[in-house]
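Here is the structure we will look at.
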Amino acid sequence: MQAPAIPEQERQRLDGLRRLAILDSTAEERFDRITRMARNMFEVPISLISLVDEERQWFKSRCGLDAQETPRDISFCGHAILGEDIFVVEDATRDPRFADNPLVLGAPHIRFYAGAPLHIAGGYKVGTLCLIDRRPRQLDERQRALLMDLAGMVEHELAAIQLAILDELTGITNRRGFIMLGQKCLQLSHRQGREASLLFLDLNRFKEINDTLGHEVGDDALRQVALLLSRVFRNADIFARLGGDEFVVLLPGIGAELVPRVLARFEKALATFNREQGKPYQLLCSTGVAHYDPLLPPDLELLLQQADKQMYDRKKRY
(Lines give C-alpha, C1' and ligand atoms only; values in the text may rest on other atoms or scores of the structure.)
Protein backbone atom coordinates (compact mmCIF):
# COMPACT_ATOMS: atom_id res chain seq x y z
CA MET A 1 0.00 0.00 0.00
CA GLN A 2 1.20 3.50 -0.83
CA ALA A 3 0.29 6.27 1.60
CA PRO A 4 -0.47 9.62 -0.03
CA ALA A 5 2.30 12.19 -0.16
CA ILE A 6 2.05 15.53 1.64
CA PRO A 7 1.09 18.41 -0.69
CA GLU A 8 3.24 21.49 -1.12
CA GLN A 9 2.24 24.38 1.16
CA GLU A 10 0.58 21.89 3.49
CA ARG A 11 0.57 24.33 6.40
CA GLN A 12 -1.30 26.95 4.36
CA ARG A 13 -3.70 24.30 3.04
CA LEU A 14 -4.52 23.07 6.53
CA ASP A 15 -4.86 26.63 7.80
CA GLY A 16 -7.35 27.41 5.04
CA LEU A 17 -9.31 24.24 5.82
CA ARG A 18 -9.35 24.98 9.54
CA ARG A 19 -10.57 28.52 8.96
CA LEU A 20 -13.63 27.21 7.15
CA ALA A 21 -14.85 26.02 10.57
CA ILE A 22 -16.53 23.14 8.77
CA LEU A 23 -14.69 20.11 10.18
CA ASP A 24 -16.86 18.05 12.54
CA SER A 25 -19.89 20.18 11.73
CA THR A 26 -23.39 18.77 11.32
CA ALA A 27 -24.84 17.60 8.01
CA GLU A 28 -26.18 20.28 5.66
CA GLU A 29 -28.74 19.80 2.93
CA ARG A 30 -26.81 22.00 0.48
CA PHE A 31 -23.95 19.46 0.51
CA ASP A 32 -26.08 16.32 0.91
CA ARG A 33 -28.06 17.33 -2.18
CA ILE A 34 -24.90 17.22 -4.28
CA THR A 35 -23.77 13.78 -3.08
CA ARG A 36 -27.26 12.41 -3.75
CA MET A 37 -27.14 13.87 -7.26
CA ALA A 38 -23.69 12.37 -7.85
CA ARG A 39 -24.72 8.89 -6.68
CA ASN A 40 -27.84 8.91 -8.84
CA MET A 41 -26.20 10.40 -11.94
CA PHE A 42 -23.28 7.97 -11.93
CA GLU A 43 -25.22 5.00 -10.52
CA VAL A 44 -22.62 4.28 -7.85
CA PRO A 45 -23.37 2.99 -4.34
CA ILE A 46 -21.28 5.66 -2.58
CA SER A 47 -20.69 9.37 -3.07
CA LEU A 48 -18.79 11.54 -0.60
CA ILE A 49 -17.63 15.08 0.06
CA SER A 50 -14.33 14.43 1.80
CA LEU A 51 -12.13 16.96 3.62
CA VAL A 52 -8.53 15.96 4.33
CA ASP A 53 -6.89 17.28 7.51
CA GLU A 54 -3.63 16.29 9.22
CA GLU A 55 -4.54 12.69 10.08
CA ARG A 56 -7.88 11.80 8.51
CA GLN A 57 -10.35 12.31 5.73
CA TRP A 58 -13.59 13.52 7.25
CA PHE A 59 -16.86 13.38 5.30
CA LYS A 60 -18.90 16.55 5.28
CA SER A 61 -21.50 14.65 3.30
CA ARG A 62 -21.79 10.92 2.75
CA CYS A 63 -24.31 9.03 0.68
CA GLY A 64 -24.16 5.24 0.96
CA LEU A 65 -21.48 5.05 3.67
CA ASP A 66 -21.89 4.85 7.44
CA ALA A 67 -18.35 5.86 8.46
CA GLN A 68 -17.85 9.54 9.30
CA GLU A 69 -14.09 9.48 8.69
CA THR A 70 -11.14 7.24 7.83
CA PRO A 71 -7.36 7.63 8.40
CA ARG A 72 -5.57 9.86 5.91
CA ASP A 73 -2.75 7.38 5.32
CA ILE A 74 -5.14 4.85 3.76
CA SER A 75 -7.34 7.40 1.99
CA PHE A 76 -7.83 7.62 -1.75
CA CYS A 77 -8.72 11.31 -1.39
CA GLY A 78 -5.27 12.01 0.06
CA HIS A 79 -3.90 11.05 -3.36
CA ALA A 80 -6.59 12.98 -5.22
CA ILE A 81 -5.69 16.35 -3.66
CA LEU A 82 -2.15 16.09 -5.02
CA GLY A 83 -3.25 16.89 -8.57
CA GLU A 84 -5.53 19.23 -10.44
CA ASP A 85 -7.39 16.68 -12.55
CA ILE A 86 -9.85 14.02 -11.48
CA PHE A 87 -8.05 11.13 -9.80
CA VAL A 88 -9.36 7.80 -11.11
CA VAL A 89 -8.66 4.26 -9.99
CA GLU A 90 -10.49 1.87 -12.32
CA ASP A 91 -9.73 -1.35 -10.38
CA ALA A 92 -8.06 -0.94 -7.00
CA THR A 93 -7.23 -4.67 -6.79
CA ARG A 94 -4.96 -4.27 -9.83
CA ASP A 95 -3.36 -1.02 -8.67
CA PRO A 96 -0.19 -1.59 -6.58
CA ARG A 97 -0.87 1.63 -4.64
CA PHE A 98 -4.18 0.29 -3.32
CA ALA A 99 -4.39 -3.50 -3.79
CA ASP A 100 -3.63 -4.19 -0.10
CA ASN A 101 -5.40 -1.09 1.23
CA PRO A 102 -7.76 -1.90 4.15
CA LEU A 103 -10.56 -0.04 2.35
CA VAL A 104 -10.10 -2.43 -0.58
CA LEU A 105 -9.58 -5.65 1.36
CA GLY A 106 -12.43 -4.81 3.75
CA ALA A 107 -15.46 -2.52 3.90
CA PRO A 108 -16.45 -0.62 1.87
CA HIS A 109 -14.58 -2.92 -0.60
CA ILE A 110 -13.49 -0.17 -2.99
CA ARG A 111 -12.82 -1.23 -6.56
CA PHE A 112 -13.53 1.96 -8.50
CA TYR A 113 -12.72 5.46 -7.23
CA ALA A 114 -13.00 8.88 -8.89
CA GLY A 115 -12.26 12.05 -6.93
CA ALA A 116 -12.46 15.66 -8.14
CA PRO A 117 -10.30 18.01 -6.02
CA LEU A 118 -12.10 20.81 -4.17
CA HIS A 119 -10.40 24.22 -4.14
CA ILE A 120 -10.81 27.15 -1.77
CA ALA A 121 -9.51 30.72 -2.04
CA GLY A 122 -5.76 30.69 -2.52
CA GLY A 123 -5.99 27.62 -4.73
CA TYR A 124 -5.58 25.15 -1.87
CA LYS A 125 -7.16 21.73 -2.34
CA VAL A 126 -8.93 20.75 0.86
CA GLY A 127 -10.72 17.57 -0.22
CA THR A 128 -12.75 15.94 -2.96
CA LEU A 129 -16.15 15.14 -4.32
CA CYS A 130 -15.69 11.44 -4.94
CA LEU A 131 -17.48 8.42 -6.37
CA ILE A 132 -16.93 4.85 -5.13
CA ASP A 133 -18.09 1.57 -6.61
CA ARG A 134 -17.61 -2.01 -5.47
CA ARG A 135 -16.93 -3.18 -9.00
CA PRO A 136 -14.32 -2.00 -11.55
CA ARG A 137 -15.46 0.60 -14.05
CA GLN A 138 -14.25 3.48 -16.20
CA LEU A 139 -15.07 7.18 -16.52
CA ASP A 140 -15.48 8.66 -20.00
CA GLU A 141 -14.89 12.30 -20.94
CA ARG A 142 -18.54 13.27 -20.60
CA GLN A 143 -18.68 11.76 -17.13
CA ARG A 144 -15.46 13.51 -16.15
CA ALA A 145 -16.93 16.85 -17.19
CA LEU A 146 -20.10 16.12 -15.22
CA LEU A 147 -18.13 15.23 -12.08
CA MET A 148 -16.13 18.46 -12.40
CA ASP A 149 -19.38 20.42 -12.71
CA LEU A 150 -20.70 18.86 -9.51
CA ALA A 151 -17.41 19.57 -7.76
CA GLY A 152 -17.79 23.18 -8.86
CA MET A 153 -21.12 23.27 -7.03
CA VAL A 154 -19.39 22.10 -3.85
CA GLU A 155 -16.68 24.74 -4.31
CA HIS A 156 -19.38 27.39 -4.67
CA GLU A 157 -20.79 26.42 -1.29
CA LEU A 158 -17.32 26.41 0.28
CA ALA A 159 -16.69 29.87 -1.17
CA ALA A 160 -19.91 31.13 0.39
CA ILE A 161 -18.70 29.86 3.77
CA GLN A 162 -15.35 31.60 3.29
CA LEU A 163 -17.00 34.91 2.42
CA ALA A 164 -19.06 34.73 5.59
CA ILE A 165 -16.19 34.06 7.99
CA LEU A 166 -13.17 35.80 6.42
CA ASP A 167 -12.18 39.43 6.77
CA GLU A 168 -12.26 40.96 3.29
CA LEU A 169 -9.36 43.38 3.85
CA THR A 170 -6.79 41.12 5.52
CA GLY A 171 -7.88 37.68 4.36
CA ILE A 172 -7.81 36.22 7.88
CA THR A 173 -10.73 35.11 10.00
CA ASN A 174 -13.32 37.73 10.94
CA ARG A 175 -15.24 38.06 14.21
CA ARG A 176 -17.95 35.61 13.17
CA GLY A 177 -15.42 33.00 12.11
CA PHE A 178 -13.39 33.47 15.27
CA ILE A 179 -16.41 32.95 17.51
CA MET A 180 -17.23 29.71 15.66
CA LEU A 181 -13.66 28.38 15.70
CA GLY A 182 -12.79 29.69 19.14
CA GLN A 183 -15.79 28.16 20.88
CA LYS A 184 -15.05 24.78 19.27
CA CYS A 185 -11.45 25.07 20.42
CA LEU A 186 -12.45 25.85 24.02
CA GLN A 187 -14.92 22.97 24.06
CA LEU A 188 -12.13 20.63 22.96
CA SER A 189 -9.79 22.09 25.59
CA HIS A 190 -12.48 21.49 28.23
CA ARG A 191 -12.91 17.85 27.17
CA GLN A 192 -9.15 17.23 27.10
CA GLY A 193 -8.40 19.16 30.29
CA ARG A 194 -5.97 21.49 28.48
CA GLU A 195 -5.33 25.14 29.22
CA ALA A 196 -5.69 27.90 26.65
CA SER A 197 -4.82 31.59 26.52
CA LEU A 198 -6.32 34.46 24.57
CA LEU A 199 -4.42 37.54 23.34
CA PHE A 200 -6.33 40.72 22.51
CA LEU A 201 -4.21 42.99 20.27
CA ASP A 202 -4.95 46.61 19.42
CA LEU A 203 -2.87 48.59 16.91
CA ASN A 204 -1.62 51.76 18.60
CA ARG A 205 -1.93 55.16 16.89
CA PHE A 206 -3.90 53.68 14.03
CA LYS A 207 -6.10 56.76 13.78
CA GLU A 208 -2.94 58.83 13.45
CA ILE A 209 -1.77 56.64 10.56
CA ASN A 210 -5.11 57.09 8.79
CA ASP A 211 -5.28 60.83 9.44
CA THR A 212 -1.71 61.68 8.42
CA LEU A 213 -0.90 59.08 5.77
CA GLY A 214 -4.33 58.18 4.38
CA HIS A 215 -6.66 55.23 4.56
CA GLU A 216 -4.80 53.23 1.91
CA VAL A 217 -1.70 53.27 4.11
CA GLY A 218 -3.88 52.43 7.11
CA ASP A 219 -5.30 49.44 5.24
CA ASP A 220 -1.75 48.34 4.43
CA ALA A 221 -0.86 48.49 8.13
CA LEU A 222 -3.78 46.20 8.98
CA ARG A 223 -2.76 43.75 6.28
CA GLN A 224 0.82 43.74 7.57
CA VAL A 225 -0.38 42.91 11.10
CA ALA A 226 -2.38 39.99 9.67
CA LEU A 227 0.70 38.73 7.80
CA LEU A 228 2.78 38.90 10.98
CA LEU A 229 0.16 36.93 12.88
CA SER A 230 0.19 34.21 10.23
CA ARG A 231 3.99 33.97 10.41
CA VAL A 232 4.47 34.14 14.16
CA PHE A 233 1.74 31.88 15.51
CA ARG A 234 1.33 28.12 15.24
CA ASN A 235 -0.94 26.31 12.84
CA ALA A 236 -3.03 25.22 15.84
CA ASP A 237 -3.55 28.84 16.97
CA ILE A 238 -6.64 30.77 15.89
CA PHE A 239 -6.13 34.41 14.97
CA ALA A 240 -8.61 36.91 13.60
CA ARG A 241 -9.39 40.54 12.96
CA LEU A 242 -12.34 41.43 15.16
CA GLY A 243 -12.87 44.77 13.44
CA GLY A 244 -11.18 48.14 13.10
CA ASP A 245 -7.66 47.86 14.50
CA GLU A 246 -8.45 45.00 16.89
CA PHE A 247 -7.00 41.51 16.48
CA VAL A 248 -7.23 38.42 18.65
CA VAL A 249 -5.31 35.14 19.00
CA LEU A 250 -6.48 32.01 20.81
CA LEU A 251 -3.62 29.74 21.93
CA PRO A 252 -4.80 26.18 22.73
CA GLY A 253 -2.53 24.29 25.10
CA ILE A 254 -0.72 27.46 26.21
CA GLY A 255 -0.94 28.35 29.90
CA ALA A 256 -0.01 31.55 31.73
CA GLU A 257 3.62 30.53 32.18
CA LEU A 258 4.22 30.27 28.42
CA VAL A 259 2.44 33.45 27.31
CA PRO A 260 5.40 35.81 27.99
CA ARG A 261 7.51 33.73 25.60
CA VAL A 262 4.80 33.92 22.94
CA LEU A 263 4.42 37.68 23.37
CA ALA A 264 8.19 38.16 23.20
CA ARG A 265 8.26 36.34 19.86
CA PHE A 266 5.50 38.58 18.52
CA GLU A 267 7.18 41.75 19.83
CA LYS A 268 10.42 40.67 18.15
CA ALA A 269 8.57 40.20 14.85
CA LEU A 270 7.09 43.70 15.18
CA ALA A 271 10.51 45.21 15.90
CA THR A 272 12.06 43.41 12.92
CA PHE A 273 9.25 44.63 10.67
CA ASN A 274 9.64 48.24 11.83
CA ARG A 275 13.40 48.09 11.35
CA GLU A 276 13.56 46.37 7.96
CA GLN A 277 10.40 47.05 5.94
CA GLY A 278 10.83 50.80 5.43
CA LYS A 279 7.15 51.63 5.88
CA PRO A 280 6.10 55.22 6.66
CA TYR A 281 4.57 53.97 9.92
CA GLN A 282 5.53 51.87 12.93
CA LEU A 283 3.50 48.85 14.01
CA LEU A 284 2.94 49.02 17.77
CA CYS A 285 0.38 46.96 19.66
CA SER A 286 -1.21 47.02 23.09
CA THR A 287 -1.99 43.53 24.32
CA GLY A 288 -4.40 42.07 26.84
CA VAL A 289 -4.29 38.45 28.01
CA ALA A 290 -6.90 36.10 29.46
CA HIS A 291 -6.46 32.46 30.47
CA TYR A 292 -8.89 29.57 30.22
CA ASP A 293 -9.14 27.08 33.10
CA PRO A 294 -10.27 23.74 31.59
CA LEU A 295 -12.11 22.90 34.81
CA LEU A 296 -14.59 25.67 34.03
CA PRO A 297 -17.27 25.68 31.31
CA PRO A 298 -15.91 27.09 28.03
CA ASP A 299 -16.92 30.76 27.66
CA LEU A 300 -15.18 32.55 24.81
CA GLU A 301 -17.07 35.81 25.31
CA LEU A 302 -15.86 36.01 28.92
CA LEU A 303 -12.24 35.55 27.81
CA LEU A 304 -12.67 38.28 25.21
CA GLN A 305 -14.07 40.66 27.81
CA GLN A 306 -11.23 39.95 30.25
CA ALA A 307 -8.49 40.35 27.65
CA ASP A 308 -10.14 43.45 26.16
CA LYS A 309 -10.24 45.14 29.58
CA GLN A 310 -6.57 44.42 30.24
CA MET A 311 -5.64 45.64 26.75
CA TYR A 312 -7.62 48.87 27.21
CA ASP A 313 -5.89 49.56 30.54
CA ARG A 314 -2.48 49.16 28.87
CA LYS A 315 -3.46 51.22 25.85
CA LYS A 316 -4.06 54.28 28.05
CA ARG A 317 -0.29 54.66 28.14
CA TYR A 318 -0.19 55.63 24.45
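Chain labels A, B, ... are given in the sequence in which chains occur in the C-alpha coordinates; within each chain residues are numbered consecutively from 1, and ligands are likewise numbered from 1 in the order shown.
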Set the distance at 12 Å and use only C-alpha atoms: which residues neighbour Asn210 of chain A once local chain neighbours fewer than 2 positions away are removed? I'd like the list as a tab-separated table (two decimals) with N, CA and C atoms, in the first residue's frame.
```tsv
chain	number	residue	atom	x	y	z
A	203	LEU	N	-3.93	47.84	17.59
A	203	LEU	CA	-2.87	48.59	16.91
A	203	LEU	C	-2.84	50.02	17.42
A	204	ASN	N	-1.73	50.42	18.04
A	204	ASN	CA	-1.62	51.76	18.60
A	204	ASN	C	-1.47	52.81	17.52
A	205	ARG	N	-2.05	54.00	17.78
A	205	ARG	CA	-1.93	55.16	16.89
A	205	ARG	C	-2.42	54.89	15.48
A	206	PHE	N	-3.38	53.99	15.36
A	206	PHE	CA	-3.90	53.68	14.03
A	206	PHE	C	-4.65	54.87	13.44
A	207	LYS	N	-5.39	55.58	14.27
A	207	LYS	CA	-6.10	56.76	13.78
A	207	LYS	C	-5.11	57.79	13.24
A	208	GLU	N	-3.97	57.90	13.90
A	208	GLU	CA	-2.94	58.83	13.45
A	208	GLU	C	-2.40	58.43	12.08
A	212	THR	N	-2.89	61.02	8.99
A	212	THR	CA	-1.71	61.68	8.42
A	212	THR	C	-1.23	61.06	7.11
A	213	LEU	N	-1.43	59.77	6.95
A	213	LEU	CA	-0.90	59.08	5.77
A	213	LEU	C	-1.99	58.60	4.80
A	214	GLY	N	-3.23	58.59	5.25
A	214	GLY	CA	-4.33	58.18	4.38
A	214	GLY	C	-4.82	56.78	4.68
A	215	HIS	N	-6.04	56.52	4.25
A	215	HIS	CA	-6.66	55.23	4.56
A	215	HIS	C	-6.02	54.07	3.81
A	216	GLU	N	-5.46	54.32	2.63
A	216	GLU	CA	-4.80	53.23	1.91
A	216	GLU	C	-3.59	52.73	2.70
A	217	VAL	N	-2.84	53.65	3.29
A	217	VAL	CA	-1.70	53.27	4.11
A	217	VAL	C	-2.19	52.57	5.38
A	218	GLY	N	-3.30	53.09	5.95
A	218	GLY	CA	-3.88	52.43	7.11
A	218	GLY	C	-4.30	51.01	6.82
A	219	ASP	N	-4.91	50.80	5.64
A	219	ASP	CA	-5.30	49.44	5.24
A	219	ASP	C	-4.07	48.55	5.10
A	220	ASP	N	-2.98	49.12	4.55
A	220	ASP	CA	-1.75	48.34	4.43
A	220	ASP	C	-1.23	47.93	5.80
A	221	ALA	N	-1.31	48.82	6.78
A	221	ALA	CA	-0.86	48.49	8.13
A	221	ALA	C	-1.64	47.31	8.70
A	222	LEU	N	-2.95	47.31	8.49
A	222	LEU	CA	-3.78	46.20	8.98
A	222	LEU	C	-3.40	44.90	8.29
A	244	GLY	N	-12.02	46.98	12.88
A	244	GLY	CA	-11.18	48.14	13.10
A	244	GLY	C	-9.73	47.74	13.20
A	245	ASP	N	-9.08	48.18	14.30
A	245	ASP	CA	-7.66	47.86	14.50
A	245	ASP	C	-7.47	46.82	15.59
A	280	PRO	N	6.19	53.87	6.08
A	280	PRO	CA	6.10	55.22	6.66
A	280	PRO	C	5.42	55.24	8.03
A	281	TYR	N	5.21	54.09	8.61
A	281	TYR	CA	4.57	53.97	9.92
A	281	TYR	C	5.29	52.90	10.74
```
Non-local contacts of Met41 of chain A (10 Å; only C-alpha atoms; under 3 positions in same chain excluded) as a ChimeraX atom specification: /A:35-38,44,143,146-147
Exercise: Asp149 of chain A partners within 12 Å, only C-alpha atoms, chain neighbours under 3 positions left out, as a VMD selection string: chain A and resid 34 37 to 38 86 116 to 118 129 142 to 146 152 to 156
Proximity to Ala3 of chain A - best of A:His190, A:Arg97, A:Arg62, A:Arg241, only C-alpha atoms: A:Arg97
Selection near Asp237 of chain A, 9 Å with only C-alpha atoms, sequence-local residues under 6 positions removed, as a PyMOL selection string: chain A and resi 249-252
Export N, CA and C atoms of the chosen residues as a tab-separated table (two decimals), in the first residue's frame?
```tsv
chain	number	residue	atom	x	y	z
A	249	VAL	N	-5.95	36.44	19.23
A	249	VAL	CA	-5.31	35.14	19.00
A	249	VAL	C	-5.69	34.21	20.15
A	250	LEU	N	-6.19	33.03	19.82
A	250	LEU	CA	-6.48	32.01	20.81
A	250	LEU	C	-5.39	30.94	20.72
A	251	LEU	N	-4.77	30.64	21.88
A	251	LEU	CA	-3.62	29.74	21.93
A	251	LEU	C	-3.99	28.47	22.69
A	252	PRO	N	-4.47	27.43	22.02
A	252	PRO	CA	-4.80	26.18	22.73
A	252	PRO	C	-3.55	25.50	23.27
```
Proximity of segment 235-273 of chain A to segment 162-181 of chain A: per-residue shortest pair, 10 Å limit, only C-alpha atoms, as CSV:
```
residue,atom,partner,partner_atom,distance
A:Ile238,CA,A:Phe178,CA,7.3
A:Phe239,CA,A:Thr173,CA,6.8
A:Ala240,CA,A:Thr173,CA,4.6
A:Arg241,CA,A:Asn174,CA,5.2
A:Leu242,CA,A:Arg175,CA,4.5
A:Gly243,CA,A:Arg175,CA,7.2
A:Phe247,CA,A:Asn174,CA,9.2
A:Val248,CA,A:Phe178,CA,8.6
A:Val249,CA,A:Phe178,CA,9.1
A:Leu250,CA,A:Phe178,CA,9.0
```
Proximity to Leu283 of chain A - best of A:Asp202, A:Glu54, A:Asp140, A:Asp100, only C-alpha atoms: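 Among the listed residues, A:Asp202 lies closest to Leu283 of chain A.
Compared by their closest atoms to Ala290 of chain A, and using only C-alpha atoms, the residues A:Val126, A:Met311, A:Leu198, A:Ile132 rank with A:Leu198 nearest.
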Residues near Arg314 of chain A, cut-off 9 Å, only C-alpha atoms, skip fewer than 5 positions along chain, as a PyMOL selection string: chain A and resi 286-288+309
Go ahead and write the selection's residues with N, CA and C atoms as a short mmCIF file (atom, residue, chain, number, x, y, z; two decimals), in the first residue's frame.
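Printed below is again.cif as written:
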```
data_model
loop_
_atom_site.label_atom_id
_atom_site.label_comp_id
_atom_site.auth_asym_id
_atom_site.auth_seq_id
_atom_site.Cartn_x
_atom_site.Cartn_y
_atom_site.Cartn_z
N SER A 286 -0.89 47.26 21.68
CA SER A 286 -1.21 47.02 23.09
C SER A 286 -1.88 45.66 23.18
N THR A 287 -1.53 44.92 24.23
CA THR A 287 -1.99 43.53 24.32
C THR A 287 -2.64 43.26 25.67
N GLY A 288 -3.77 42.58 25.64
CA GLY A 288 -4.40 42.07 26.84
C GLY A 288 -4.43 40.56 26.78
N LYS A 309 -10.39 44.20 28.47
CA LYS A 309 -10.24 45.14 29.58
C LYS A 309 -8.77 45.37 29.90
#
```
Residues of segment 18-265 of chain A in helix (DSSP H, G or I), written as a VMD selection string: chain A and resid 18 to 19 29 to 42 72 to 74 77 to 80 92 to 94 102 to 105 141 to 165 175 to 192 206 to 213 215 to 232 259 to 265
Close residues, segment 4-12 of chain A itself excluded, 7 Å, only C-alpha atoms, min 2 positions apart in chain, as a PyMOL selection string: chain A and resi 2+14-16+73+78-79+82+235
Please produce an output containing all heavy atoms for each residue in the selection, written as a CSV table (one decimal), in the first residue's frame.
```csv
chain,number,residue,atom,x,y,z
A,2,GLN,N,0.5,2.2,-0.8
A,2,GLN,CA,1.2,3.5,-0.8
A,2,GLN,C,0.4,4.6,-0.2
A,2,GLN,O,-0.7,5.0,-0.6
A,2,GLN,CB,1.5,3.9,-2.3
A,2,GLN,CG,2.2,5.2,-2.5
A,2,GLN,CD,2.5,5.5,-3.9
A,2,GLN,OE1,2.8,4.6,-4.7
A,2,GLN,NE2,2.3,6.8,-4.3
A,14,LEU,N,-3.8,23.4,5.3
A,14,LEU,CA,-4.5,23.1,6.5
A,14,LEU,C,-5.1,24.3,7.2
A,14,LEU,O,-6.2,24.2,7.8
A,14,LEU,CB,-3.6,22.3,7.5
A,14,LEU,CG,-3.2,20.9,7.0
A,14,LEU,CD1,-2.1,20.4,7.9
A,14,LEU,CD2,-4.4,20.0,7.0
A,15,ASP,N,-4.4,25.4,7.2
A,15,ASP,CA,-4.9,26.6,7.8
A,15,ASP,C,-6.1,27.1,7.1
A,15,ASP,O,-7.1,27.5,7.8
A,15,ASP,CB,-3.8,27.7,7.7
A,15,ASP,CG,-4.2,29.0,8.5
A,15,ASP,OD1,-4.4,28.9,9.7
A,15,ASP,OD2,-4.3,30.0,7.9
A,16,GLY,N,-6.2,27.0,5.8
A,16,GLY,CA,-7.4,27.4,5.0
A,16,GLY,C,-8.5,26.5,5.4
A,16,GLY,O,-9.7,27.0,5.5
A,73,ASP,N,-3.8,8.2,6.0
A,73,ASP,CA,-2.8,7.4,5.3
A,73,ASP,C,-3.3,6.2,4.5
A,73,ASP,O,-2.5,5.6,3.7
A,73,ASP,CB,-1.7,6.9,6.4
A,73,ASP,CG,-2.4,6.0,7.4
A,73,ASP,OD1,-3.6,5.8,7.4
A,73,ASP,OD2,-1.6,5.5,8.3
A,78,GLY,N,-6.6,11.4,-0.2
A,78,GLY,CA,-5.3,12.0,0.1
A,78,GLY,C,-4.4,12.0,-1.2
A,78,GLY,O,-3.6,12.9,-1.4
A,79,HIS,N,-4.6,11.1,-2.1
A,79,HIS,CA,-3.9,11.1,-3.4
A,79,HIS,C,-4.6,12.0,-4.3
A,79,HIS,O,-3.9,12.7,-5.1
A,79,HIS,CB,-4.0,9.6,-4.0
A,79,HIS,CG,-3.2,8.6,-3.2
A,79,HIS,ND1,-1.8,8.3,-3.5
A,79,HIS,CD2,-3.5,7.8,-2.2
A,79,HIS,CE1,-1.4,7.4,-2.7
A,79,HIS,NE2,-2.4,7.0,-1.9
A,82,LEU,N,-3.5,15.8,-4.6
A,82,LEU,CA,-2.2,16.1,-5.0
A,82,LEU,C,-2.1,16.6,-6.4
A,82,LEU,O,-1.1,17.2,-6.9
A,82,LEU,CB,-1.3,14.8,-4.9
A,82,LEU,CG,-1.1,14.2,-3.5
A,82,LEU,CD1,-0.3,12.9,-3.6
A,82,LEU,CD2,-0.4,15.2,-2.6
A,235,ASN,N,0.2,26.7,13.6
A,235,ASN,CA,-0.9,26.3,12.8
A,235,ASN,C,-2.2,26.0,13.7
A,235,ASN,O,-3.3,26.2,13.3
A,235,ASN,CB,-0.6,25.1,12.0
A,235,ASN,CG,-1.6,24.7,11.0
A,235,ASN,OD1,-2.1,25.5,10.3
A,235,ASN,ND2,-2.0,23.4,11.1
```
Neighbour list for Val289 of chain A as a ChimeraX atom specification, cut-off 12 Å, only C-alpha atoms, skip fewer than 5 positions in-chain: /A:196-202,248-251,254-260,262-263,302-314
Residue with smallest distance to Asp24 of chain A - pool A:Ala271, A:Val52, A:Ala80, A:Met1, counting only C-alpha atoms: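 The closest residue to Asp24 of chain A is A:Val52.
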